[in-house]
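Data block for query37.txt (compact mmCIF, C-alpha atoms and all ligand atoms):
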# COMPACT_ATOMS: atom_id res chain seq x y z
CA MET A 1 -71.97 -18.92 -20.43
CA ALA A 2 -72.12 -19.71 -24.11
CA GLU A 3 -74.76 -17.71 -25.90
CA VAL A 4 -75.40 -20.46 -28.44
CA GLU A 5 -74.41 -24.05 -27.93
CA LEU A 6 -74.85 -26.96 -30.30
CA THR A 7 -74.60 -30.48 -28.94
CA ASN A 8 -74.37 -33.50 -31.25
CA ILE A 9 -76.57 -32.03 -33.98
CA SER A 10 -77.30 -34.43 -36.84
CA LYS A 11 -79.69 -33.96 -39.71
CA THR A 12 -81.10 -36.33 -42.32
CA PHE A 13 -83.70 -34.82 -44.63
CA GLU A 14 -86.89 -36.83 -44.98
CA GLY A 15 -86.50 -39.54 -47.60
CA ALA A 16 -82.75 -38.92 -47.92
CA ALA A 17 -80.38 -41.85 -47.67
CA HIS A 18 -77.54 -40.01 -45.91
CA PRO A 19 -77.27 -37.39 -43.19
CA VAL A 20 -76.20 -33.90 -44.32
CA LEU A 21 -74.93 -33.04 -40.82
CA HIS A 22 -73.05 -35.43 -38.56
CA ASP A 23 -72.71 -34.93 -34.82
CA ILE A 24 -72.00 -31.17 -34.83
CA SER A 25 -70.97 -29.66 -31.48
CA PHE A 26 -69.53 -26.23 -30.77
CA ALA A 27 -70.24 -23.20 -28.61
CA VAL A 28 -70.48 -19.52 -29.43
CA LYS A 29 -69.77 -17.20 -26.54
CA ASP A 30 -71.59 -13.98 -25.82
CA THR A 31 -70.41 -11.23 -28.27
CA GLU A 32 -68.27 -13.72 -30.18
CA PHE A 33 -68.08 -13.66 -33.98
CA VAL A 34 -68.00 -17.23 -35.28
CA SER A 35 -67.83 -18.21 -38.94
CA LEU A 36 -69.09 -21.45 -40.44
CA LEU A 37 -66.74 -22.03 -43.34
CA GLY A 38 -66.81 -24.75 -45.95
CA PRO A 39 -67.37 -25.55 -49.61
CA SER A 40 -70.75 -25.43 -51.33
CA GLY A 41 -73.12 -28.15 -50.13
CA CYS A 42 -71.28 -28.93 -46.88
CA GLY A 43 -74.34 -28.07 -44.77
CA LYS A 44 -73.76 -24.46 -43.65
CA THR A 45 -77.24 -23.14 -44.47
CA THR A 46 -78.91 -26.22 -43.02
CA LEU A 47 -77.02 -25.77 -39.76
CA LEU A 48 -77.88 -22.06 -39.56
CA ARG A 49 -81.56 -22.83 -40.21
CA ILE A 50 -81.51 -25.39 -37.39
CA ILE A 51 -80.07 -22.77 -35.02
CA ALA A 52 -82.81 -20.35 -36.09
CA GLY A 53 -85.50 -23.00 -35.63
CA LEU A 54 -86.51 -22.92 -39.30
CA GLU A 55 -85.42 -26.52 -39.74
CA GLU A 56 -85.63 -29.33 -37.22
CA GLN A 57 -82.57 -31.40 -36.37
CA THR A 58 -82.89 -35.19 -36.48
CA SER A 59 -81.00 -35.44 -33.19
CA GLY A 60 -79.00 -33.22 -30.88
CA LYS A 61 -79.68 -30.01 -28.99
CA VAL A 62 -79.51 -26.26 -29.54
CA THR A 63 -79.35 -24.06 -26.45
CA ILE A 64 -79.41 -20.28 -26.34
CA ALA A 65 -78.27 -18.57 -23.15
CA GLY A 66 -78.55 -21.98 -21.49
CA ASN A 67 -82.14 -22.63 -22.55
CA ASP A 68 -83.03 -25.65 -24.67
CA MET A 69 -84.64 -24.35 -27.88
CA CYS A 70 -86.44 -27.61 -28.55
CA ARG A 71 -89.99 -26.16 -28.33
CA VAL A 72 -89.16 -22.51 -28.99
CA ALA A 73 -90.54 -20.98 -32.20
CA PRO A 74 -88.13 -19.06 -34.47
CA ARG A 75 -89.72 -15.68 -33.64
CA ASP A 76 -89.18 -16.24 -29.92
CA ARG A 77 -85.45 -16.95 -30.25
CA ASP A 78 -84.38 -13.27 -30.40
CA MET A 79 -82.26 -13.89 -33.46
CA ALA A 80 -82.11 -12.01 -36.74
CA PHE A 81 -81.53 -14.09 -39.84
CA VAL A 82 -80.08 -12.71 -43.07
CA PHE A 83 -80.89 -15.24 -45.74
CA GLN A 84 -78.61 -16.23 -48.57
CA ASN A 85 -81.41 -15.25 -51.00
CA TYR A 86 -82.45 -12.02 -49.16
CA ALA A 87 -86.23 -12.79 -48.95
CA LEU A 88 -87.40 -9.15 -49.11
CA TYR A 89 -91.08 -8.20 -49.33
CA PRO A 90 -91.53 -7.26 -53.00
CA HIS A 91 -94.43 -4.83 -52.50
CA PHE A 92 -92.77 -2.87 -49.70
CA SER A 93 -90.31 -0.03 -50.18
CA VAL A 94 -86.76 -0.42 -48.96
CA GLU A 95 -87.58 1.72 -45.94
CA ASP A 96 -90.63 -0.38 -45.06
CA ASN A 97 -88.70 -3.61 -45.54
CA ILE A 98 -86.11 -2.37 -43.07
CA SER A 99 -88.48 -0.92 -40.49
CA LEU A 100 -91.21 -3.58 -40.55
CA GLY A 101 -89.73 -5.69 -37.77
CA LEU A 102 -89.49 -2.65 -35.49
CA ARG A 103 -93.03 -1.50 -36.25
CA LEU A 104 -94.39 -4.97 -35.44
CA ARG A 105 -92.59 -4.75 -32.11
CA LYS A 106 -94.33 -1.42 -31.44
CA ILE A 107 -91.15 0.56 -31.10
CA ALA A 108 -91.64 4.36 -30.96
CA LYS A 109 -91.54 6.13 -34.31
CA PRO A 110 -88.63 8.50 -33.62
CA GLU A 111 -86.57 5.55 -32.40
CA ILE A 112 -87.39 3.61 -35.58
CA GLU A 113 -86.45 6.59 -37.73
CA ALA A 114 -83.14 7.05 -35.93
CA ARG A 115 -82.20 3.39 -36.20
CA VAL A 116 -83.19 3.17 -39.87
CA LYS A 117 -81.21 6.33 -40.62
CA ALA A 118 -78.04 5.13 -38.88
CA THR A 119 -78.18 1.69 -40.46
CA THR A 120 -78.99 2.78 -44.00
CA GLU A 121 -76.25 5.39 -43.89
CA MET A 122 -73.74 2.80 -42.82
CA LEU A 123 -74.74 0.51 -45.67
CA GLY A 124 -74.96 3.25 -48.30
CA LEU A 125 -78.71 2.85 -48.84
CA GLU A 126 -79.84 6.43 -48.10
CA GLY A 127 -80.79 7.22 -51.69
CA LEU A 128 -82.80 4.04 -52.16
CA LEU A 129 -85.33 4.15 -49.32
CA ALA A 130 -88.39 4.75 -51.53
CA ARG A 131 -87.60 2.03 -54.07
CA LYS A 132 -89.13 -1.43 -54.31
CA PRO A 133 -86.77 -4.44 -54.16
CA ARG A 134 -87.28 -5.27 -57.85
CA ALA A 135 -85.71 -1.91 -58.74
CA LEU A 136 -82.48 -2.80 -56.89
CA SER A 137 -79.36 -4.66 -57.94
CA GLY A 138 -78.51 -7.95 -56.23
CA GLY A 139 -75.90 -6.24 -54.07
CA GLN A 140 -78.34 -3.52 -53.02
CA ARG A 141 -80.96 -6.11 -52.08
CA GLN A 142 -78.40 -7.90 -50.00
CA ARG A 143 -77.62 -4.69 -48.14
CA VAL A 144 -81.33 -4.11 -47.47
CA ALA A 145 -81.55 -7.62 -45.99
CA LEU A 146 -78.55 -6.83 -43.83
CA ALA A 147 -80.05 -3.52 -42.73
CA ARG A 148 -83.30 -5.23 -41.77
CA ALA A 149 -81.40 -7.52 -39.38
CA LEU A 150 -79.18 -4.78 -37.98
CA VAL A 151 -82.00 -2.38 -37.02
CA ARG A 152 -83.62 -5.04 -34.90
CA ASN A 153 -80.63 -5.26 -32.57
CA PRO A 154 -81.25 -8.88 -31.56
CA LYS A 155 -79.21 -11.00 -29.17
CA VAL A 156 -77.83 -13.20 -31.95
CA PHE A 157 -77.27 -12.51 -35.64
CA LEU A 158 -77.36 -15.39 -38.10
CA LEU A 159 -75.92 -14.30 -41.42
CA ASP A 160 -75.85 -16.57 -44.48
CA GLU A 161 -73.25 -15.31 -46.98
CA PRO A 162 -74.44 -11.72 -46.57
CA LEU A 163 -71.74 -10.21 -48.78
CA SER A 164 -71.70 -12.70 -51.64
CA ASN A 165 -73.46 -10.40 -54.12
CA LEU A 166 -71.40 -7.28 -53.43
CA ASP A 167 -68.62 -6.33 -55.80
CA ALA A 168 -65.06 -6.86 -54.54
CA LYS A 169 -64.51 -3.27 -53.44
CA LEU A 170 -67.79 -2.90 -51.57
CA ARG A 171 -67.28 -6.33 -50.01
CA ASP A 172 -63.89 -5.30 -48.63
CA LYS A 173 -65.33 -2.11 -47.21
CA THR A 174 -68.48 -3.72 -45.80
CA ARG A 175 -66.46 -6.57 -44.26
CA GLY A 176 -64.49 -4.18 -42.06
CA GLU A 177 -67.53 -2.05 -41.26
CA LEU A 178 -69.63 -5.06 -40.29
CA ARG A 179 -66.91 -6.29 -37.99
CA MET A 180 -66.72 -2.91 -36.24
CA LEU A 181 -70.47 -2.59 -36.11
CA PHE A 182 -70.96 -5.97 -34.43
CA LYS A 183 -68.24 -5.08 -31.91
CA LYS A 184 -70.02 -1.81 -31.18
CA VAL A 185 -73.48 -3.34 -30.70
CA LYS A 186 -71.85 -6.28 -28.83
CA GLY A 187 -73.65 -8.66 -31.13
CA THR A 188 -73.16 -12.41 -31.05
CA VAL A 189 -72.72 -13.47 -34.65
CA ILE A 190 -72.81 -16.76 -36.53
CA TYR A 191 -71.65 -16.00 -40.03
CA VAL A 192 -71.82 -18.45 -42.91
CA THR A 193 -69.33 -18.08 -45.72
CA HIS A 194 -67.39 -20.16 -48.21
CA ASP A 195 -64.85 -17.33 -48.52
CA GLN A 196 -61.82 -18.10 -46.40
CA ILE A 197 -60.57 -14.49 -46.49
CA GLU A 198 -63.87 -13.31 -45.04
CA ALA A 199 -63.73 -15.97 -42.34
CA MET A 200 -60.07 -15.27 -41.52
CA THR A 201 -60.40 -11.48 -41.33
CA MET A 202 -63.72 -11.20 -39.50
CA SER A 203 -63.90 -14.07 -37.03
CA ASP A 204 -62.93 -14.67 -33.45
CA LYS A 205 -63.37 -18.34 -34.19
CA ILE A 206 -63.91 -20.44 -37.32
CA VAL A 207 -65.79 -23.74 -37.60
CA ILE A 208 -64.65 -25.57 -40.74
CA LEU A 209 -67.11 -28.01 -42.26
CA GLN A 210 -66.77 -30.55 -45.01
CA ASP A 211 -69.48 -33.03 -46.04
CA GLY A 212 -71.50 -32.19 -42.93
CA ARG A 213 -68.65 -32.90 -40.53
CA ILE A 214 -66.59 -30.50 -38.44
CA GLN A 215 -62.97 -30.57 -39.55
CA GLN A 216 -61.60 -28.03 -37.09
CA VAL A 217 -62.71 -25.31 -34.67
CA GLY A 218 -60.17 -22.63 -33.84
CA THR A 219 -59.08 -19.02 -34.09
CA PRO A 220 -57.94 -17.86 -37.53
CA ASN A 221 -54.30 -18.11 -36.39
CA GLU A 222 -54.68 -21.59 -34.93
CA ILE A 223 -56.24 -22.82 -38.14
CA TYR A 224 -53.60 -21.20 -40.33
CA GLU A 225 -50.68 -22.35 -38.20
CA SER A 226 -51.86 -25.80 -37.14
CA PRO A 227 -54.40 -27.11 -39.64
CA ALA A 228 -55.96 -30.31 -38.31
CA ASN A 229 -55.77 -32.15 -41.62
CA ILE A 230 -54.90 -31.80 -45.31
CA PHE A 231 -58.40 -30.57 -46.17
CA VAL A 232 -58.13 -27.61 -43.76
CA ALA A 233 -54.50 -27.00 -44.74
CA THR A 234 -55.35 -26.62 -48.42
CA PHE A 235 -58.69 -24.84 -47.85
CA ILE A 236 -57.13 -21.99 -45.83
CA GLY A 237 -54.48 -19.81 -47.45
CA THR A 238 -53.99 -18.49 -50.99
CA PRO A 239 -52.22 -19.65 -53.01
CA GLN A 240 -52.93 -22.98 -51.42
CA MET A 241 -50.43 -24.98 -49.39
CA ASN A 242 -48.07 -27.24 -51.34
CA ILE A 243 -48.64 -30.88 -50.50
CA LEU A 244 -45.75 -33.25 -51.17
CA THR A 245 -45.15 -36.84 -50.26
CA ASN A 246 -42.10 -37.69 -48.23
CA ARG A 247 -40.77 -39.51 -51.30
CA GLU A 248 -41.17 -36.47 -53.54
CA ILE A 249 -39.18 -34.41 -51.09
CA GLN A 250 -36.44 -37.02 -50.86
CA ALA A 251 -36.34 -37.21 -54.68
CA MET A 252 -35.42 -33.52 -54.67
CA GLY A 253 -32.35 -34.48 -52.71
CA TYR A 254 -33.71 -32.94 -49.56
CA ALA A 255 -33.02 -34.93 -46.43
CA LEU A 256 -36.02 -34.91 -44.18
CA THR A 257 -36.80 -36.66 -40.99
CA GLY A 258 -40.42 -36.95 -40.10
CA PRO A 259 -42.12 -35.83 -36.95
CA LYS A 260 -41.80 -39.33 -35.51
CA SER A 261 -38.68 -41.34 -36.19
CA GLY A 262 -39.23 -44.57 -38.09
CA LEU A 263 -42.35 -43.26 -39.79
CA GLU A 264 -41.65 -43.27 -43.50
CA ASP A 265 -44.96 -42.57 -45.06
CA PHE A 266 -46.07 -39.08 -44.23
CA THR A 267 -47.19 -36.15 -46.33
CA CYS A 268 -45.60 -32.72 -46.03
CA GLY A 269 -47.31 -29.40 -46.36
CA ILE A 270 -45.49 -26.15 -46.96
CA ARG A 271 -47.19 -22.85 -47.63
CA PRO A 272 -46.05 -20.89 -50.69
CA GLU A 273 -45.02 -18.04 -48.38
CA ASP A 274 -42.83 -20.39 -46.31
CA LEU A 275 -40.33 -21.20 -49.06
CA ASP A 276 -37.08 -19.25 -49.32
CA LEU A 277 -36.43 -18.24 -52.91
CA SER A 278 -33.46 -17.00 -54.91
CA ALA A 279 -32.79 -16.13 -58.55
CA ASN A 280 -29.16 -17.28 -58.07
CA PRO A 281 -27.74 -20.69 -57.18
CA ARG A 282 -27.38 -21.33 -53.45
CA GLN A 283 -25.62 -24.20 -51.85
CA ASP A 284 -27.97 -27.01 -50.76
CA TRP A 285 -31.01 -25.27 -52.23
CA ILE A 286 -33.21 -27.06 -54.75
CA GLU A 287 -33.12 -25.91 -58.36
CA GLY A 288 -36.28 -25.65 -60.42
CA THR A 289 -37.82 -24.20 -63.57
CA VAL A 290 -40.23 -21.30 -63.35
CA ASP A 291 -43.33 -22.40 -65.29
CA LEU A 292 -45.46 -19.41 -64.37
CA CYS A 293 -44.84 -16.02 -62.81
CA GLU A 294 -47.83 -14.08 -61.46
CA PRO A 295 -46.93 -10.63 -60.12
CA ALA A 296 -49.69 -9.16 -57.94
CA GLY A 297 -48.17 -6.03 -56.47
CA ALA A 298 -46.57 -6.68 -53.12
CA LEU A 299 -46.37 -10.43 -53.70
CA THR A 300 -45.40 -12.46 -56.74
CA THR A 301 -46.42 -16.11 -57.06
CA LEU A 302 -44.25 -18.53 -58.98
CA ALA A 303 -45.05 -22.06 -60.10
CA ILE A 304 -41.79 -23.98 -60.00
CA SER A 305 -41.20 -27.52 -61.24
CA THR A 306 -38.25 -29.60 -60.19
CA ALA A 307 -36.22 -32.21 -62.09
CA ALA A 308 -37.70 -34.79 -59.73
CA GLY A 309 -41.16 -34.02 -61.10
CA ALA A 310 -42.72 -32.04 -58.24
CA THR A 311 -44.48 -28.72 -58.82
CA LEU A 312 -44.59 -26.09 -56.09
CA ARG A 313 -46.10 -22.68 -55.68
CA CYS A 314 -43.99 -20.03 -54.07
CA SER A 315 -44.99 -16.50 -52.98
CA THR A 316 -42.25 -13.94 -52.71
CA THR A 317 -41.80 -10.25 -52.04
CA LEU A 318 -38.88 -10.31 -54.53
CA LYS A 319 -39.54 -8.50 -57.80
CA TRP A 320 -38.94 -11.57 -59.94
CA PRO A 321 -36.99 -10.77 -63.15
CA PRO A 322 -39.43 -11.42 -66.06
CA ASN A 323 -37.02 -13.53 -68.11
CA GLN A 324 -35.60 -15.53 -65.23
CA THR A 325 -36.59 -19.16 -65.73
CA ARG A 326 -34.32 -20.81 -63.13
CA ALA A 327 -35.11 -20.54 -59.46
CA TRP A 328 -33.57 -21.93 -56.28
CA PHE A 329 -35.59 -22.56 -53.22
CA SER A 330 -35.41 -24.15 -49.80
CA PHE A 331 -37.97 -25.15 -47.22
CA LYS A 332 -38.24 -23.31 -43.95
CA ARG A 333 -38.08 -26.45 -41.83
CA GLU A 334 -39.87 -24.92 -38.84
CA HIS A 335 -42.84 -24.01 -41.07
CA MET A 336 -43.38 -27.47 -42.51
CA HIS A 337 -46.56 -29.35 -41.65
CA PHE A 338 -46.74 -33.14 -41.44
CA PHE A 339 -49.82 -35.21 -42.11
CA SER A 340 -50.51 -38.92 -42.00
CA SER A 341 -50.57 -40.31 -45.53
CA ALA A 342 -53.18 -42.80 -44.36
CA ASP A 343 -55.94 -40.39 -43.31
CA GLY A 344 -54.57 -36.87 -43.81
CA THR A 345 -54.66 -35.92 -40.13
CA ARG A 346 -51.98 -33.70 -38.64
CA MET A 347 -49.07 -35.52 -36.97
N1 LIG A 401 -84.81 -29.32 -48.01
C1 LIG A 401 -83.86 -30.17 -48.38
N2 LIG A 401 -84.15 -31.46 -48.69
C2 LIG A 401 -83.18 -32.34 -49.03
N3 LIG A 401 -81.88 -32.04 -49.10
C3 LIG A 401 -81.51 -30.78 -48.81
C4 LIG A 401 -82.47 -29.78 -48.43
N4 LIG A 401 -81.81 -28.62 -48.20
C5 LIG A 401 -80.50 -28.89 -48.42
N5 LIG A 401 -80.31 -30.18 -48.79
C6 LIG A 401 -79.01 -30.84 -49.05
O1 LIG A 401 -78.21 -30.72 -47.90
C7 LIG A 401 -76.85 -30.48 -48.24
C8 LIG A 401 -76.37 -29.22 -47.56
O2 LIG A 401 -77.04 -28.11 -48.10
P1 LIG A 401 -76.80 -26.64 -47.57
O3 LIG A 401 -77.76 -25.74 -48.28
O4 LIG A 401 -76.86 -26.65 -46.09
O5 LIG A 401 -75.31 -26.38 -48.05
P2 LIG A 401 -74.42 -25.04 -47.97
O6 LIG A 401 -73.16 -25.42 -47.24
O7 LIG A 401 -75.22 -23.93 -47.41
O8 LIG A 401 -74.04 -24.78 -49.50
P3 LIG A 401 -73.88 -23.37 -50.32
O9 LIG A 401 -72.51 -22.85 -49.97
O10 LIG A 401 -73.97 -23.81 -51.74
O11 LIG A 401 -74.99 -22.46 -49.92
C9 LIG A 401 -76.81 -30.42 -49.76
O12 LIG A 401 -76.38 -31.65 -50.24
C10 LIG A 401 -78.24 -30.13 -50.15
O13 LIG A 401 -78.53 -30.67 -51.42
MG MG A 402 -75.89 -22.14 -48.22

structure tokens encoding of this file:
Amino acid sequence: MAEVELTNISKTFEGAAHPVLHDISFAVKDTEFVSLLGPSGCGKTTLLRIIAGLEEQTSGKVTIAGNDMCRVAPRDRDMAFVFQNYALYPHFSVEDNISLGLRLRKIAKPEIEARVKATTEMLGLEGLLARKPRALSGGQRQRVALARALVRNPKVFLLDEPLSNLDAKLRDKTRGELRMLFKKVKGTVIYVTHDQIEAMTMSDKIVILQDGRIQQVGTPNEIYESPANIFVATFIGTPQMNILTNREIQAMGYALTGPKSGLEDFTCGIRPEDLDLSANPRQDWIEGTVDLCEPAGALTTLAISTAAGATLRCSTTLKWPPNQTRAWFSFKREHMHFFSSADGTRM
């Protein structure tokens, strides 16, 4: 049985002309880690608040473990919410902020102490337990908010961009630790992020939203390998997928037949890592000028423009010679994606 199930959720804020969520349906299984991924303003926080019961949907249904949540108050939903803006109690110490939920539930003191100790150690908060939130950095506050949810050990965790204020190194470390932690406690997690790397590395399943509409639901691999439309294709993957019209590809002298014969007007997508690249001329490969070379350790990204006027990004494991301005490339045909030029959907 799905732990959390959304059925046709729509939301229009009072007085607003347009809905911010349109007909959202998906299911989160017990112990599954599901990310809601999408650009700023697409409705992620609103959707999470509806699941928590902090906001009411205009239509549609939320069920948890098969029970309709329609009349169930947020505190009775056995969910822990980590807010995007932390919402810590300013007059309480870090320790009290973390343990409050447990004390209210009348959990025995030694148990509280053990849970607080384990959680704060994991999040690197041991030295900060006596401080008040105002004496913490943004990243530290975010970790306190995370700790407060973790100690409660609820059925479902709702996390709204919980790592956005951590520096890159701590975020990398915490990302992996969180993933392992949720596996260990067998937590069901709905995780909001606009960071595709976070969503790709942490999730069992990703729900991609744009303008309040679901664009695709799938595993990280499904979404990477078979993006449902051009929006998903260019949102997932860095550097982003090259998008070329059929005509641009033909202008490069590259013969291409589309996915359906007779269909002329399609758009091609090819990921920068799916181009073959050479610093020497190769027969039948396309020649281009290297406009930009960005070495980043294991991978180097090149921006290459062709005589036909197209610009492509290409990632390579080759150590590109710094003064080499000519490049030859070819498309790995089996890795090309085809989209309808009319509406951008995958063909
Ligand atoms: N209380 C409200 N009243 C009216 N409109 C709102 C309200 N809360 C959010 N919105 C609007 O709903 C849309 C979705 O907002 P939401 O906060 O869910 O986006 P988000 O995906 O979480 O964005 P971000 O990544 O920036 O946090 C936005 O256009 C926002 O302006
Ligand atoms: Mg938000």

Open item on the list: Given all atoms listed in the file as the basis, pick out the residue of A:Gln215, A:Gln140, A:Thr120, A:Asn153 nearest to Ser25 in chain A.
Closed with: A:Gln215

Open item on the list: Using only C-alpha atoms and all ligand atoms, which residues have at least one atom no more than 10 Å from ligand MG 402 (chain A)? Output them as a list in words.
Closed with: Gly38, Pro39, Ser40, Gly41, Cys42, Gly43, Lys44, Thr45, Thr46, Leu47, Leu48, Arg49, Phe83, Gln84, Asn85, Asp160, Glu161, Val192, Thr193 and His194 of chain A

Open item on the list: So, with all atoms listed in the file as the atoms that count, which of A:Leu128, A:Val62, A:Met202, A:Ala310 lies closest to Phe33 in chain A?
Closed with: A:Met202

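Counting only C-alpha atoms and all ligand atoms, the residue from A:Glu273, A:Asp204, A:Glu198, A:Glu55 that sits nearest to ligand LIG 401 (chain A) is A:Glu55.
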
TODO: For range 298-306 of chain A, work out the shell of residues within 12 Å, counting only C-alpha atoms and skipping chain neighbours fewer than 3 positions away, then give it as number ranges by chain.
DONE: A: 238-240, 242, 248-249, 251-253, 271-273, 275, 277-279, 285-295, 309-322, 324-329

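Take atom O4 of ligand LIG 401 (chain A) and CA of Val20 in chain A: the distance between them is 7.5 Å.
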
Compile the contact shell of Leu146 in chain A as a PDB file with C-alpha atoms, keeping the file's coordinate frame: residues with an atom at most 10 Å away, counting all atoms listed in the file, same-chain residues fewer than 2 positions apart removed.
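File written: selection-v8.pdb
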ATOM      1  CA  ALA A  80     -82.110 -12.010 -36.740  1.00  0.00           C
ATOM      2  CA  PHE A  81     -81.530 -14.090 -39.840  1.00  0.00           C
ATOM      3  CA  VAL A  82     -80.080 -12.710 -43.070  1.00  0.00           C
ATOM      4  CA  PHE A  83     -80.890 -15.240 -45.740  1.00  0.00           C
ATOM      5  CA  TYR A  86     -82.450 -12.020 -49.160  1.00  0.00           C
ATOM      6  CA  ILE A  98     -86.110  -2.370 -43.070  1.00  0.00           C
ATOM      7  CA  THR A 119     -78.180   1.690 -40.460  1.00  0.00           C
ATOM      8  CA  THR A 120     -78.990   2.780 -44.000  1.00  0.00           C
ATOM      9  CA  LEU A 123     -74.740   0.510 -45.670  1.00  0.00           C
ATOM     10  CA  GLN A 140     -78.340  -3.520 -53.020  1.00  0.00           C
ATOM     11  CA  ARG A 141     -80.960  -6.110 -52.080  1.00  0.00           C
ATOM     12  CA  GLN A 142     -78.400  -7.900 -50.000  1.00  0.00           C
ATOM     13  CA  ARG A 143     -77.620  -4.690 -48.140  1.00  0.00           C
ATOM     14  CA  VAL A 144     -81.330  -4.110 -47.470  1.00  0.00           C
ATOM     15  CA  ARG A 148     -83.300  -5.230 -41.770  1.00  0.00           C
ATOM     16  CA  ALA A 149     -81.400  -7.520 -39.380  1.00  0.00           C
ATOM     17  CA  LEU A 150     -79.180  -4.780 -37.980  1.00  0.00           C
ATOM     18  CA  VAL A 151     -82.000  -2.380 -37.020  1.00  0.00           C
ATOM     19  CA  LEU A 159     -75.920 -14.300 -41.420  1.00  0.00           C
ATOM     20  CA  PRO A 162     -74.440 -11.720 -46.570  1.00  0.00           C
ATOM     21  CA  LEU A 163     -71.740 -10.210 -48.780  1.00  0.00           C
ATOM     22  CA  LEU A 178     -69.630  -5.060 -40.290  1.00  0.00           C
TER      23      LEU A 178
END

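Once range 217-228 of chain A and its same-chain neighbours fewer than 5 positions away are set aside, Met200, Asp204, Lys205, Ile206, Val207, Ala233 and Arg346 of chain A remain within 6 Å of it when counting all atoms listed in the file.
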
Task: CA of His337 in chain A to CA of Asn246 in chain A, straight-line distance in Å - done: 11.5 Å

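Atom pair CA of Gly187 in chain A / CA of Glu95 in chain A: separated by 22.8 Å.
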
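Shortest atom-to-atom contact with ligand LIG 401 (chain A) among A:Arg77, A:Arg213, A:Arg71, A:Lys61: A:Arg213, counting all atoms listed in the file.
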
Complete range 273-284 of chain A at the level of N, CA, C and O atoms, written as a short mmCIF file (atom, residue, chain, number, x, y, z; two decimals), in the coordinates of the input.
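Saved result, out.cif, follows:
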data_model
loop_
_atom_site.label_atom_id
_atom_site.label_comp_id
_atom_site.auth_asym_id
_atom_site.auth_seq_id
_atom_site.Cartn_x
_atom_site.Cartn_y
_atom_site.Cartn_z
N GLU A 273 -45.75 -19.15 -49.00
CA GLU A 273 -45.02 -18.04 -48.38
C GLU A 273 -43.93 -18.53 -47.43
O GLU A 273 -43.15 -17.73 -46.92
N ASP A 274 -43.84 -19.84 -47.23
CA ASP A 274 -42.83 -20.39 -46.31
C ASP A 274 -41.66 -21.06 -47.04
O ASP A 274 -40.94 -21.88 -46.47
N LEU A 275 -41.52 -20.75 -48.33
CA LEU A 275 -40.33 -21.20 -49.06
C LEU A 275 -39.38 -20.02 -49.16
O LEU A 275 -39.80 -18.89 -49.35
N ASP A 276 -38.07 -20.28 -49.02
CA ASP A 276 -37.08 -19.25 -49.32
C ASP A 276 -36.74 -19.38 -50.79
O ASP A 276 -36.62 -20.48 -51.32
N LEU A 277 -36.58 -18.22 -51.45
CA LEU A 277 -36.43 -18.24 -52.91
C LEU A 277 -35.25 -17.36 -53.33
O LEU A 277 -34.98 -16.33 -52.71
N SER A 278 -34.56 -17.81 -54.39
CA SER A 278 -33.46 -17.00 -54.91
C SER A 278 -33.41 -17.14 -56.43
O SER A 278 -33.74 -18.19 -56.99
N ALA A 279 -32.98 -16.08 -57.10
CA ALA A 279 -32.79 -16.13 -58.55
C ALA A 279 -31.37 -16.57 -58.89
O ALA A 279 -31.02 -16.70 -60.07
N ASN A 280 -30.55 -16.83 -57.87
CA ASN A 280 -29.16 -17.28 -58.07
C ASN A 280 -28.93 -18.59 -57.33
O ASN A 280 -29.58 -18.84 -56.31
N PRO A 281 -28.01 -19.41 -57.84
CA PRO A 281 -27.74 -20.69 -57.18
C PRO A 281 -27.30 -20.48 -55.73
O PRO A 281 -26.58 -19.54 -55.42
N ARG A 282 -27.79 -21.34 -54.86
CA ARG A 282 -27.38 -21.33 -53.45
C ARG A 282 -27.03 -22.76 -53.06
O ARG A 282 -27.75 -23.68 -53.46
N GLN A 283 -26.04 -22.87 -52.26
CA GLN A 283 -25.62 -24.20 -51.85
C GLN A 283 -26.74 -24.91 -51.06
O GLN A 283 -27.36 -24.29 -50.19
N ASP A 284 -26.97 -26.15 -51.41
CA ASP A 284 -27.97 -27.01 -50.76
C ASP A 284 -29.43 -26.61 -51.04
O ASP A 284 -30.34 -27.20 -50.49
#
